[in-house]
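Here the structure comes first, spelled out in structure tokens, and everything after it is commentary.
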Amino acid sequence: MIELTYQPLDPERITDAVRRDSNGAVVTFLGTTRDHFEGKRVVRLDYEAYEEMAVKKMAEVRQELQARYSIEDIAIAHRIGTVDIGQISLVIAVASPHRKEAFFACHEAVDRIKEIVPIWKKEVYEDGSRWVACEDHEFSGQEPATIPAGDG
Amino acid sequence: MIELTYQPLDPERITDAVRRDSNGAVVTFLGTTRDHFEGKRVVRLDYEAYEEMAVKKMAEVRQELQARYSIEDIAIAHRIGTVDIGQISLVIAVASPHRKEAFFACHEAVDRIKEIVPIWKKEVYEDGSRWVACEDHEFSGQEPATIPAGDG
Amino acid sequence: MHLDVTFFALYRERAGCNRFPLDLPDGATVADLTAEIRRHFPRLAPPEVKIVVAVNTDYADPDLILRDGDEVCLIPPVSGGHRHD
Amino acid sequence: MHLDVTFFALYRERAGCNRFPLDLPDGATVADLTAEIRRHFPRLAPPEVKIVVAVNTDYADPDLILRDGDEVCLIPPVSGGHRHD
């Protein structure tokens with residue numbers, strides 16, 4: 001299950017999508033919007049996606065981890081648009097017969113999604129806003145290692 | 001939150017117990033009863049606890065991980081009694097500002113609970129039953145390293 | 001001293017009882033207790049398997065000295081790290 | 001060849017548009033495209049920051065040769081591994 005939506009996410013529904021009687025372990029990650037960033041009060045987040053590519057890359061992350069851990073049951077759902085504080089922007093649910101694979105695959109799924117899926121977030125403060133990762137990356141001069149440089 | 005109960009577990013309620021606006025990541029583990037074990041069909045599991053000590057050891061695991069990862073929000077709920085196939089016997093929810101701590105603490109919590117909390121499970125097959133860990137440990141002659149040997 | 005020893009799970013089934021009353025000399029240790037238990041229930045655990053004991057809801061070392069009225073429970077291995085539910 | 005280049009997030013805001021039409025000689029590469037984009041939008045990204053390009057919904061190497069009508073998008077860095085939501 002891959003989902004990119006402007007609607008609130010329902011973690012229980014997404015978790016249920018991976019539960020099967022042959023699985024003994026289900027690991028779920030919820031990414032929620034935090035109320036502060038480096039001392040600044042965040043009032044909401046605005047997520048923007050290159051939607052067609054985002055869905056494709058989410059599916060690639062899913063396939064990558066299915067192959068690496070020999071598991072089938074991975075669900076990834078990302079919310080975009082405005083997400084208020086404390087709400088869920090990302091749900092990843094992984095089920096497998098044994099827990100170790102479920103923990104590793106879920107953790108790696110989050111890391112990979114944040115590396116390669118073209119979704120951006122803007123933190124909106126009381127007195128301004130900021131595209132979060134963009135500025136960081138400019139500061140460090142680093143691109144994610146897995147994304148080929150597009151500039152000559 | 002520590003809970004030991006004969007009632008079905010509600011993962012959403014337990015997860016909600018750790019969600020706060022200052023946390024950006026919530027990792028949840030569900031342990032569910034599998035329908036097979038080494039080729040044998042399992043029809044249900046019966047969990048038995050030394051209840052007073054189990055609650056105490058669950059709280060110790062929680063405190064141990066709170067200290068190790070400097071996080072507060074850990075909820076542990078274990079169901080005992082008869083648990084049908086596909087149902088949830090264990091829920092661990094960990095929330096923290098950053099995801100790495102939440103993943104590590106949740107994974108370690110499962111491992112520690114299975115090591116030191118006195119809860120036993122009996123797999124019931126169509127043609128018999130078996131106390132799961134007991135026989136394994138007898139076969140290997142190993143005790144969990146963290147439990148002092150009680151025998152002279 | 002007098003103790004009531006509680007059995008759980010596999011040990012309860014093998015012993016055929018939940019609880020077993022035991023009189024031990026003053027100064028007896030956990031190791032003395034498990035030796036006595038093995039005499040009463042020779043099939044409880046194979047000789048190479050250590051019997052884990054909880055005293056007053058904590059895991060107890062073999063050399064812990066027991067006191068009259070201690071809450072003593074025999075703990076078969078718990079679910080274990082390498083296999084999960 | 002003719003391409004419509006799409007901007008997202010920070011790049012969209014800095015460029016002041018969602019989409020920018022661009023004519024490039026046949027045989028032009030992704031590197032040629034980003035050089036041209038930098039000439040039109042000098043404040044889009046500092047010189048030390050590489051501009052990542054997606055062509056037809058995949059990340060493209062700088063030496064990829066573009067074709068007329070390719071779907072070209074400029075990708076500011078995504079949420080990133082060291083910071084999460």
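Quick note on naming: the chains in the structure tokens go A, B, ... in the order shown, residues restart at 1 in each chain, and ligands are numbered from 1 in order of appearance.
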Dump as a tab-separated table the rows for residues of chain C within 7 Å of chain B: closest atom pair and distance in Å with one decimal, only C-alpha atoms counted, ordered by chain and rising residue number.
```
residue	atom	partner	partner_atom	distance
C:Ala9	CA	B:Trp120	CA	6.5
C:Leu10	CA	B:Trp131	CA	6.3
C:Val30	CA	B:Gly150	CA	6.3
C:Ala31	CA	B:Gly152	CA	4.3
C:Thr34	CA	B:Asp151	CA	5.8
C:Glu48	CA	B:Gly141	CA	6.4
C:Val49	CA	B:Gly141	CA	5.7
C:Lys50	CA	B:Asp151	CA	5.2
C:Ile51	CA	B:Asp151	CA	5.2
C:Val52	CA	B:Gly150	CA	4.3
C:Val53	CA	B:Gly150	CA	5.0
C:Thr57	CA	B:Met53	CA	4.8
C:Tyr59	CA	B:Pro148	CA	6.5
C:Ala60	CA	B:Gly150	CA	6.1
C:Asp61	CA	B:Gly150	CA	5.4
C:Pro62	CA	B:Gly150	CA	4.6
C:Pro76	CA	B:Cys134	CA	6.2
C:Pro77	CA	B:Cys134	CA	5.2
C:Val78	CA	B:Trp120	CA	5.5
C:Ser79	CA	B:Ala133	CA	4.9
C:Gly80	CA	B:Lys114	CA	5.1
C:Gly81	CA	B:Lys114	CA	5.7
C:Asp85	CA	B:Thr33	CA	5.5
```
(message) Residues of chain B were defined as contacting chain A if any atom lay at most 8 Å from it, counting only C-alpha atoms; please report them as a VMD selection string.
(response) chain B and resid 12 19 to 36 85 to 86 97 100 103 107
(request) Calculate how many Å separate atom CA of B:Met58 from atom CA of C:Asp58, rounding to one decimal. (result) 12.3 Å
Would you mind aligning chain A to chain B, a least-squares fit over all C-alpha atoms taken in order, and returning the superposed chain as a compact mmCIF listing (two decimals) with N, CA and C atoms, in the first residue's frame?
```
# COMPACT_ATOMS: atom_id res chain seq x y z
N MET A 1 3.09 4.51 30.92
CA MET A 1 1.94 3.60 31.01
C MET A 1 2.42 2.16 30.95
N ILE A 2 2.03 1.41 31.95
CA ILE A 2 2.32 -0.02 32.02
C ILE A 2 0.98 -0.72 32.22
N GLU A 3 0.75 -1.74 31.42
CA GLU A 3 -0.55 -2.41 31.53
C GLU A 3 -0.37 -3.91 31.33
N LEU A 4 -0.99 -4.68 32.20
CA LEU A 4 -1.02 -6.15 32.08
C LEU A 4 -2.49 -6.52 32.21
N THR A 5 -3.04 -7.13 31.16
CA THR A 5 -4.49 -7.26 31.12
C THR A 5 -4.93 -8.55 30.44
N TYR A 6 -6.08 -9.03 30.84
CA TYR A 6 -6.69 -10.18 30.16
C TYR A 6 -7.58 -9.73 28.98
N GLN A 7 -7.71 -8.42 28.82
CA GLN A 7 -8.59 -7.89 27.76
C GLN A 7 -7.80 -7.66 26.47
N PRO A 8 -8.49 -7.63 25.34
CA PRO A 8 -7.81 -7.27 24.08
C PRO A 8 -7.14 -5.91 24.18
N LEU A 9 -5.98 -5.79 23.54
CA LEU A 9 -5.23 -4.53 23.58
C LEU A 9 -5.69 -3.60 22.45
N ASP A 10 -5.68 -2.32 22.75
CA ASP A 10 -6.08 -1.32 21.76
C ASP A 10 -4.85 -0.47 21.41
N PRO A 11 -4.17 -0.84 20.30
CA PRO A 11 -2.89 -0.17 19.99
C PRO A 11 -3.03 1.34 19.82
N GLU A 12 -4.17 1.78 19.30
CA GLU A 12 -4.32 3.21 19.05
C GLU A 12 -4.34 3.98 20.39
N ARG A 13 -5.06 3.43 21.36
CA ARG A 13 -5.13 4.09 22.66
C ARG A 13 -3.75 4.14 23.31
N ILE A 14 -2.99 3.04 23.17
CA ILE A 14 -1.67 2.97 23.80
C ILE A 14 -0.69 3.91 23.09
N THR A 15 -0.80 3.99 21.76
CA THR A 15 0.05 4.91 21.01
C THR A 15 -0.30 6.36 21.35
N ASP A 16 -1.58 6.65 21.45
CA ASP A 16 -1.99 8.02 21.78
C ASP A 16 -1.45 8.46 23.13
N ALA A 17 -1.23 7.49 24.02
CA ALA A 17 -0.74 7.83 25.37
C ALA A 17 0.66 8.43 25.33
N VAL A 18 1.43 8.19 24.28
CA VAL A 18 2.80 8.73 24.22
C VAL A 18 2.94 9.92 23.27
N ARG A 19 1.90 10.21 22.51
CA ARG A 19 2.02 11.30 21.53
C ARG A 19 1.92 12.66 22.23
N ARG A 20 2.88 13.52 21.92
CA ARG A 20 2.86 14.89 22.42
C ARG A 20 3.37 15.81 21.33
N ASP A 21 3.00 17.07 21.41
CA ASP A 21 3.36 18.01 20.35
C ASP A 21 4.86 18.25 20.25
N SER A 22 5.60 17.90 21.30
CA SER A 22 7.05 18.10 21.25
C SER A 22 7.77 16.88 20.65
N ASN A 23 7.03 15.82 20.39
CA ASN A 23 7.62 14.63 19.79
C ASN A 23 7.36 14.61 18.28
N GLY A 24 8.40 14.23 17.52
CA GLY A 24 8.23 14.17 16.08
C GLY A 24 8.13 12.76 15.56
N ALA A 25 8.43 11.78 16.43
CA ALA A 25 8.49 10.39 15.97
C ALA A 25 7.82 9.47 16.98
N VAL A 26 7.01 8.58 16.49
CA VAL A 26 6.38 7.57 17.35
C VAL A 26 6.62 6.22 16.70
N VAL A 27 7.23 5.30 17.43
CA VAL A 27 7.45 3.95 16.92
C VAL A 27 6.64 2.98 17.79
N THR A 28 5.87 2.15 17.12
CA THR A 28 5.01 1.21 17.83
C THR A 28 5.33 -0.21 17.40
N PHE A 29 5.43 -1.10 18.37
CA PHE A 29 5.59 -2.53 18.08
C PHE A 29 4.32 -3.26 18.50
N LEU A 30 3.83 -4.10 17.61
CA LEU A 30 2.75 -5.01 17.95
C LEU A 30 3.26 -6.43 17.83
N GLY A 31 3.16 -7.18 18.90
CA GLY A 31 3.44 -8.61 18.84
C GLY A 31 2.12 -9.32 18.64
N THR A 32 2.04 -10.09 17.56
CA THR A 32 0.77 -10.79 17.29
C THR A 32 1.02 -12.29 17.23
N THR A 33 -0.01 -13.05 17.51
CA THR A 33 0.13 -14.50 17.59
C THR A 33 0.11 -15.08 16.17
N ARG A 34 1.14 -15.85 15.89
CA ARG A 34 1.29 -16.43 14.55
C ARG A 34 0.56 -17.75 14.42
N ASP A 35 0.20 -18.08 13.20
CA ASP A 35 -0.60 -19.28 12.97
C ASP A 35 0.23 -20.54 12.74
N HIS A 36 1.55 -20.42 12.80
CA HIS A 36 2.36 -21.61 12.55
C HIS A 36 3.65 -21.52 13.35
N PHE A 37 4.21 -22.69 13.64
CA PHE A 37 5.51 -22.74 14.28
C PHE A 37 6.21 -23.99 13.80
N GLU A 38 7.33 -23.79 13.12
CA GLU A 38 8.08 -24.92 12.55
C GLU A 38 7.16 -25.92 11.86
N GLY A 39 6.30 -25.38 11.00
CA GLY A 39 5.45 -26.24 10.20
C GLY A 39 4.18 -26.71 10.90
N LYS A 40 4.10 -26.49 12.22
CA LYS A 40 2.89 -26.92 12.93
C LYS A 40 1.88 -25.78 12.96
N ARG A 41 0.62 -26.14 12.84
CA ARG A 41 -0.44 -25.15 12.86
C ARG A 41 -0.80 -24.83 14.31
N VAL A 42 -0.70 -23.54 14.65
CA VAL A 42 -1.03 -23.09 16.01
C VAL A 42 -2.48 -22.61 16.00
N VAL A 43 -3.26 -23.04 16.99
CA VAL A 43 -4.67 -22.63 17.00
C VAL A 43 -4.94 -21.48 17.98
N ARG A 44 -4.12 -21.38 19.03
CA ARG A 44 -4.24 -20.23 19.93
C ARG A 44 -3.02 -20.22 20.85
N LEU A 45 -2.83 -19.13 21.58
CA LEU A 45 -1.76 -19.09 22.59
C LEU A 45 -2.36 -18.78 23.95
N ASP A 46 -1.80 -19.43 24.96
CA ASP A 46 -2.20 -19.14 26.34
C ASP A 46 -1.02 -18.50 27.05
N TYR A 47 -1.23 -17.26 27.52
CA TYR A 47 -0.17 -16.55 28.24
C TYR A 47 -0.45 -16.62 29.73
N GLU A 48 0.62 -16.90 30.49
CA GLU A 48 0.51 -16.95 31.94
C GLU A 48 1.57 -16.01 32.51
N ALA A 49 1.24 -15.29 33.55
CA ALA A 49 2.19 -14.34 34.14
C ALA A 49 2.30 -14.53 35.64
N TYR A 50 3.47 -14.24 36.15
CA TYR A 50 3.63 -13.97 37.59
C TYR A 50 3.33 -12.48 37.67
N GLU A 51 2.08 -12.17 37.92
CA GLU A 51 1.57 -10.84 37.60
C GLU A 51 2.27 -9.71 38.35
N GLU A 52 2.42 -9.88 39.64
CA GLU A 52 3.01 -8.80 40.43
C GLU A 52 4.44 -8.49 39.95
N MET A 53 5.21 -9.57 39.72
CA MET A 53 6.58 -9.37 39.26
C MET A 53 6.62 -8.89 37.81
N ALA A 54 5.69 -9.35 36.99
CA ALA A 54 5.68 -8.94 35.58
C ALA A 54 5.47 -7.43 35.46
N VAL A 55 4.53 -6.91 36.21
CA VAL A 55 4.27 -5.47 36.16
C VAL A 55 5.51 -4.70 36.63
N LYS A 56 6.14 -5.21 37.68
CA LYS A 56 7.34 -4.56 38.20
C LYS A 56 8.47 -4.58 37.16
N LYS A 57 8.66 -5.71 36.51
CA LYS A 57 9.75 -5.81 35.52
C LYS A 57 9.45 -4.99 34.27
N MET A 58 8.18 -4.93 33.88
CA MET A 58 7.83 -4.06 32.75
C MET A 58 8.17 -2.60 33.09
N ALA A 59 7.88 -2.21 34.31
CA ALA A 59 8.19 -0.83 34.73
C ALA A 59 9.71 -0.61 34.75
N GLU A 60 10.47 -1.65 35.15
CA GLU A 60 11.93 -1.52 35.16
C GLU A 60 12.48 -1.36 33.74
N VAL A 61 11.95 -2.14 32.80
CA VAL A 61 12.37 -2.01 31.41
C VAL A 61 12.10 -0.59 30.92
N ARG A 62 10.94 -0.09 31.26
CA ARG A 62 10.56 1.26 30.84
C ARG A 62 11.54 2.30 31.40
N GLN A 63 11.84 2.18 32.69
CA GLN A 63 12.75 3.15 33.32
C GLN A 63 14.16 3.06 32.75
N GLU A 64 14.60 1.83 32.52
CA GLU A 64 15.92 1.58 31.94
C GLU A 64 16.07 2.33 30.60
N LEU A 65 15.06 2.22 29.75
CA LEU A 65 15.14 2.81 28.43
C LEU A 65 14.90 4.32 28.47
N GLN A 66 14.07 4.75 29.38
CA GLN A 66 13.88 6.19 29.56
C GLN A 66 15.21 6.84 29.91
N ALA A 67 15.96 6.18 30.80
CA ALA A 67 17.25 6.73 31.22
C ALA A 67 18.27 6.66 30.08
N ARG A 68 18.32 5.50 29.39
CA ARG A 68 19.33 5.31 28.36
C ARG A 68 19.17 6.29 27.20
N TYR A 69 17.91 6.58 26.83
CA TYR A 69 17.67 7.42 25.65
C TYR A 69 17.15 8.81 26.00
N SER A 70 17.11 9.13 27.30
CA SER A 70 16.61 10.44 27.72
C SER A 70 15.26 10.76 27.10
N ILE A 71 14.38 9.79 27.15
CA ILE A 71 13.03 10.04 26.66
C ILE A 71 12.04 9.65 27.74
N GLU A 72 10.89 10.27 27.71
CA GLU A 72 9.89 10.00 28.74
C GLU A 72 8.79 9.07 28.26
N ASP A 73 8.45 9.20 27.00
CA ASP A 73 7.17 8.66 26.55
C ASP A 73 7.29 7.23 26.03
N ILE A 74 7.15 6.28 26.94
CA ILE A 74 7.17 4.86 26.61
C ILE A 74 5.95 4.21 27.25
N ALA A 75 5.19 3.49 26.46
CA ALA A 75 4.03 2.77 26.99
C ALA A 75 4.20 1.29 26.66
N ILE A 76 3.93 0.43 27.64
CA ILE A 76 4.07 -1.01 27.44
C ILE A 76 2.79 -1.69 27.93
N ALA A 77 2.19 -2.48 27.07
CA ALA A 77 0.98 -3.20 27.47
C ALA A 77 1.10 -4.66 27.01
N HIS A 78 0.85 -5.58 27.92
CA HIS A 78 0.93 -7.00 27.60
C HIS A 78 -0.40 -7.64 27.93
N ARG A 79 -0.87 -8.44 27.00
CA ARG A 79 -2.09 -9.19 27.26
C ARG A 79 -1.72 -10.58 27.75
N ILE A 80 -2.47 -11.12 28.68
CA ILE A 80 -2.27 -12.50 29.12
C ILE A 80 -3.60 -13.24 29.04
N GLY A 81 -3.54 -14.54 29.34
CA GLY A 81 -4.72 -15.38 29.14
C GLY A 81 -4.71 -15.92 27.71
N THR A 82 -5.85 -16.31 27.22
CA THR A 82 -5.93 -16.88 25.88
C THR A 82 -5.95 -15.77 24.82
N VAL A 83 -5.07 -15.90 23.82
CA VAL A 83 -5.00 -14.94 22.73
C VAL A 83 -5.15 -15.72 21.43
N ASP A 84 -6.17 -15.41 20.68
CA ASP A 84 -6.39 -16.13 19.43
C ASP A 84 -5.40 -15.68 18.35
N ILE A 85 -5.29 -16.49 17.31
CA ILE A 85 -4.35 -16.23 16.21
C ILE A 85 -4.64 -14.87 15.57
N GLY A 86 -3.56 -14.14 15.30
CA GLY A 86 -3.69 -12.84 14.64
C GLY A 86 -4.00 -11.70 15.61
N GLN A 87 -4.22 -12.05 16.86
CA GLN A 87 -4.50 -10.99 17.83
C GLN A 87 -3.21 -10.49 18.47
N ILE A 88 -3.33 -9.37 19.15
CA ILE A 88 -2.15 -8.68 19.68
C ILE A 88 -1.91 -9.08 21.12
N SER A 89 -0.68 -9.53 21.41
CA SER A 89 -0.35 -9.89 22.79
C SER A 89 0.52 -8.83 23.46
N LEU A 90 1.20 -8.01 22.67
CA LEU A 90 2.14 -7.02 23.23
C LEU A 90 2.10 -5.75 22.39
N VAL A 91 2.01 -4.62 23.06
CA VAL A 91 2.10 -3.32 22.39
C VAL A 91 3.15 -2.50 23.12
N ILE A 92 4.12 -1.98 22.36
CA ILE A 92 5.08 -1.03 22.93
C ILE A 92 5.07 0.21 22.06
N ALA A 93 4.83 1.35 22.66
CA ALA A 93 4.83 2.61 21.91
C ALA A 93 5.87 3.53 22.53
N VAL A 94 6.72 4.10 21.68
CA VAL A 94 7.78 5.01 22.14
C VAL A 94 7.73 6.27 21.29
N ALA A 95 7.71 7.40 21.94
CA ALA A 95 7.71 8.67 21.20
C ALA A 95 8.90 9.49 21.66
N SER A 96 9.51 10.20 20.71
CA SER A 96 10.63 11.05 21.06
C SER A 96 10.74 12.16 20.01
N PRO A 97 11.51 13.20 20.33
CA PRO A 97 11.65 14.27 19.34
C PRO A 97 12.23 13.75 18.02
N HIS A 98 13.17 12.80 18.09
CA HIS A 98 13.83 12.30 16.89
C HIS A 98 13.62 10.80 16.74
N ARG A 99 13.63 10.34 15.51
CA ARG A 99 13.19 8.96 15.26
C ARG A 99 14.17 7.89 15.71
N LYS A 100 15.46 8.20 15.63
CA LYS A 100 16.46 7.17 15.93
C LYS A 100 16.28 6.61 17.34
N GLU A 101 16.14 7.49 18.30
CA GLU A 101 15.95 7.08 19.69
C GLU A 101 14.66 6.25 19.83
N ALA A 102 13.63 6.67 19.15
CA ALA A 102 12.35 5.96 19.27
C ALA A 102 12.48 4.54 18.72
N PHE A 103 13.16 4.39 17.57
CA PHE A 103 13.34 3.04 17.00
C PHE A 103 14.19 2.18 17.93
N PHE A 104 15.32 2.69 18.39
CA PHE A 104 16.21 1.89 19.22
C PHE A 104 15.54 1.52 20.55
N ALA A 105 14.90 2.48 21.18
CA ALA A 105 14.29 2.22 22.48
C ALA A 105 13.16 1.20 22.34
N CYS A 106 12.39 1.29 21.28
CA CYS A 106 11.28 0.36 21.10
C CYS A 106 11.81 -1.06 20.86
N HIS A 107 12.80 -1.18 20.01
CA HIS A 107 13.38 -2.49 19.71
C HIS A 107 13.98 -3.11 20.98
N GLU A 108 14.75 -2.33 21.70
CA GLU A 108 15.35 -2.84 22.94
C GLU A 108 14.29 -3.19 23.98
N ALA A 109 13.22 -2.43 24.00
CA ALA A 109 12.15 -2.72 24.97
C ALA A 109 11.58 -4.11 24.71
N VAL A 110 11.35 -4.44 23.45
CA VAL A 110 10.83 -5.78 23.15
C VAL A 110 11.82 -6.85 23.61
N ASP A 111 13.09 -6.65 23.26
CA ASP A 111 14.10 -7.65 23.63
C ASP A 111 14.15 -7.83 25.15
N ARG A 112 14.16 -6.74 25.88
CA ARG A 112 14.28 -6.81 27.34
C ARG A 112 13.05 -7.43 27.97
N ILE A 113 11.89 -7.08 27.44
CA ILE A 113 10.66 -7.66 27.99
C ILE A 113 10.69 -9.17 27.85
N LYS A 114 11.13 -9.63 26.69
CA LYS A 114 11.16 -11.07 26.48
C LYS A 114 12.26 -11.75 27.31
N GLU A 115 13.24 -10.98 27.72
CA GLU A 115 14.29 -11.55 28.56
C GLU A 115 13.91 -11.63 30.04
N ILE A 116 13.33 -10.56 30.55
CA ILE A 116 13.24 -10.49 32.03
C ILE A 116 11.83 -10.46 32.60
N VAL A 117 10.81 -10.28 31.78
CA VAL A 117 9.45 -10.21 32.35
C VAL A 117 8.86 -11.63 32.44
N PRO A 118 8.46 -12.04 33.63
CA PRO A 118 7.98 -13.42 33.80
C PRO A 118 6.57 -13.63 33.24
N ILE A 119 6.54 -13.76 31.93
CA ILE A 119 5.31 -14.11 31.23
C ILE A 119 5.67 -15.28 30.31
N TRP A 120 4.85 -16.32 30.36
CA TRP A 120 5.15 -17.51 29.56
C TRP A 120 4.02 -17.74 28.58
N LYS A 121 4.39 -18.34 27.44
CA LYS A 121 3.32 -18.63 26.49
C LYS A 121 3.33 -20.09 26.10
N LYS A 122 2.15 -20.60 25.95
CA LYS A 122 1.95 -21.99 25.56
C LYS A 122 1.29 -21.97 24.19
N GLU A 123 1.97 -22.58 23.23
CA GLU A 123 1.37 -22.70 21.91
C GLU A 123 0.46 -23.92 21.91
N VAL A 124 -0.77 -23.71 21.51
CA VAL A 124 -1.72 -24.82 21.47
C VAL A 124 -1.91 -25.21 20.01
N TYR A 125 -1.58 -26.49 19.71
CA TYR A 125 -1.72 -27.02 18.36
C TYR A 125 -3.01 -27.83 18.26
N GLU A 126 -3.30 -28.31 17.08
CA GLU A 126 -4.48 -29.16 16.93
C GLU A 126 -4.32 -30.44 17.75
N ASP A 127 -3.08 -30.90 17.92
CA ASP A 127 -2.85 -32.19 18.58
C ASP A 127 -1.96 -32.10 19.81
N GLY A 128 -1.98 -30.97 20.49
CA GLY A 128 -1.16 -30.89 21.70
C GLY A 128 -0.82 -29.45 22.02
N SER A 129 0.21 -29.26 22.85
CA SER A 129 0.61 -27.90 23.20
C SER A 129 2.05 -27.93 23.67
N ARG A 130 2.60 -26.72 23.89
CA ARG A 130 4.03 -26.64 24.18
C ARG A 130 4.34 -25.27 24.79
N TRP A 131 5.04 -25.27 25.93
CA TRP A 131 5.54 -24.00 26.50
C TRP A 131 6.71 -23.58 25.65
N VAL A 132 6.62 -22.44 25.01
CA VAL A 132 7.55 -22.18 23.93
C VAL A 132 8.99 -22.00 24.36
N ALA A 133 9.27 -21.01 25.14
CA ALA A 133 10.68 -20.72 25.43
C ALA A 133 11.30 -21.80 26.31
N CYS A 134 10.52 -22.34 27.21
CA CYS A 134 11.05 -23.31 28.17
C CYS A 134 11.82 -24.42 27.47
N GLU A 135 11.18 -25.07 26.54
CA GLU A 135 11.79 -26.22 25.88
C GLU A 135 13.04 -25.78 25.12
N ASP A 136 12.97 -24.62 24.46
CA ASP A 136 14.13 -24.14 23.75
C ASP A 136 15.31 -23.98 24.68
N HIS A 137 15.04 -23.36 25.81
CA HIS A 137 16.13 -23.07 26.72
C HIS A 137 16.70 -24.36 27.30
N GLU A 138 15.83 -25.31 27.55
CA GLU A 138 16.34 -26.59 28.05
C GLU A 138 17.22 -27.25 27.00
N PHE A 139 16.78 -27.15 25.78
CA PHE A 139 17.56 -27.76 24.71
C PHE A 139 18.95 -27.13 24.63
N SER A 140 19.00 -25.81 24.70
CA SER A 140 20.28 -25.14 24.55
C SER A 140 21.06 -25.09 25.86
N GLY A 141 20.39 -25.37 26.96
CA GLY A 141 21.06 -25.30 28.24
C GLY A 141 21.41 -23.88 28.67
N GLN A 142 20.83 -22.90 27.98
CA GLN A 142 21.16 -21.50 28.25
C GLN A 142 20.06 -20.82 29.06
N GLU A 143 20.48 -19.99 29.99
CA GLU A 143 19.56 -19.04 30.61
C GLU A 143 19.83 -17.68 29.98
N PRO A 144 18.85 -16.80 29.98
CA PRO A 144 19.16 -15.43 29.54
C PRO A 144 20.29 -14.87 30.39
N ALA A 145 21.24 -14.23 29.73
CA ALA A 145 22.46 -13.79 30.42
C ALA A 145 22.16 -12.83 31.56
N THR A 146 21.06 -12.14 31.47
CA THR A 146 20.78 -11.09 32.45
C THR A 146 20.06 -11.59 33.68
N ILE A 147 19.64 -12.84 33.67
CA ILE A 147 18.94 -13.37 34.85
C ILE A 147 19.93 -14.20 35.66
N PRO A 148 20.14 -13.81 36.91
CA PRO A 148 21.09 -14.58 37.72
C PRO A 148 20.61 -16.01 37.88
N ALA A 149 21.53 -16.92 37.85
CA ALA A 149 21.16 -18.32 38.00
C ALA A 149 20.69 -18.55 39.43
N GLY A 150 19.58 -19.23 39.55
CA GLY A 150 19.02 -19.43 40.89
C GLY A 150 19.41 -20.78 41.47
N ASP A 151 20.09 -21.55 40.70
CA ASP A 151 20.39 -22.92 41.10
C ASP A 151 21.87 -23.01 41.43
N GLY A 152 22.22 -23.81 42.42
CA GLY A 152 23.57 -23.79 42.97
C GLY A 152 24.63 -24.34 42.11
```
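Here atom CA of C:Pro46 stands at a distance of 27.2 Å from atom CA of C:Arg67.
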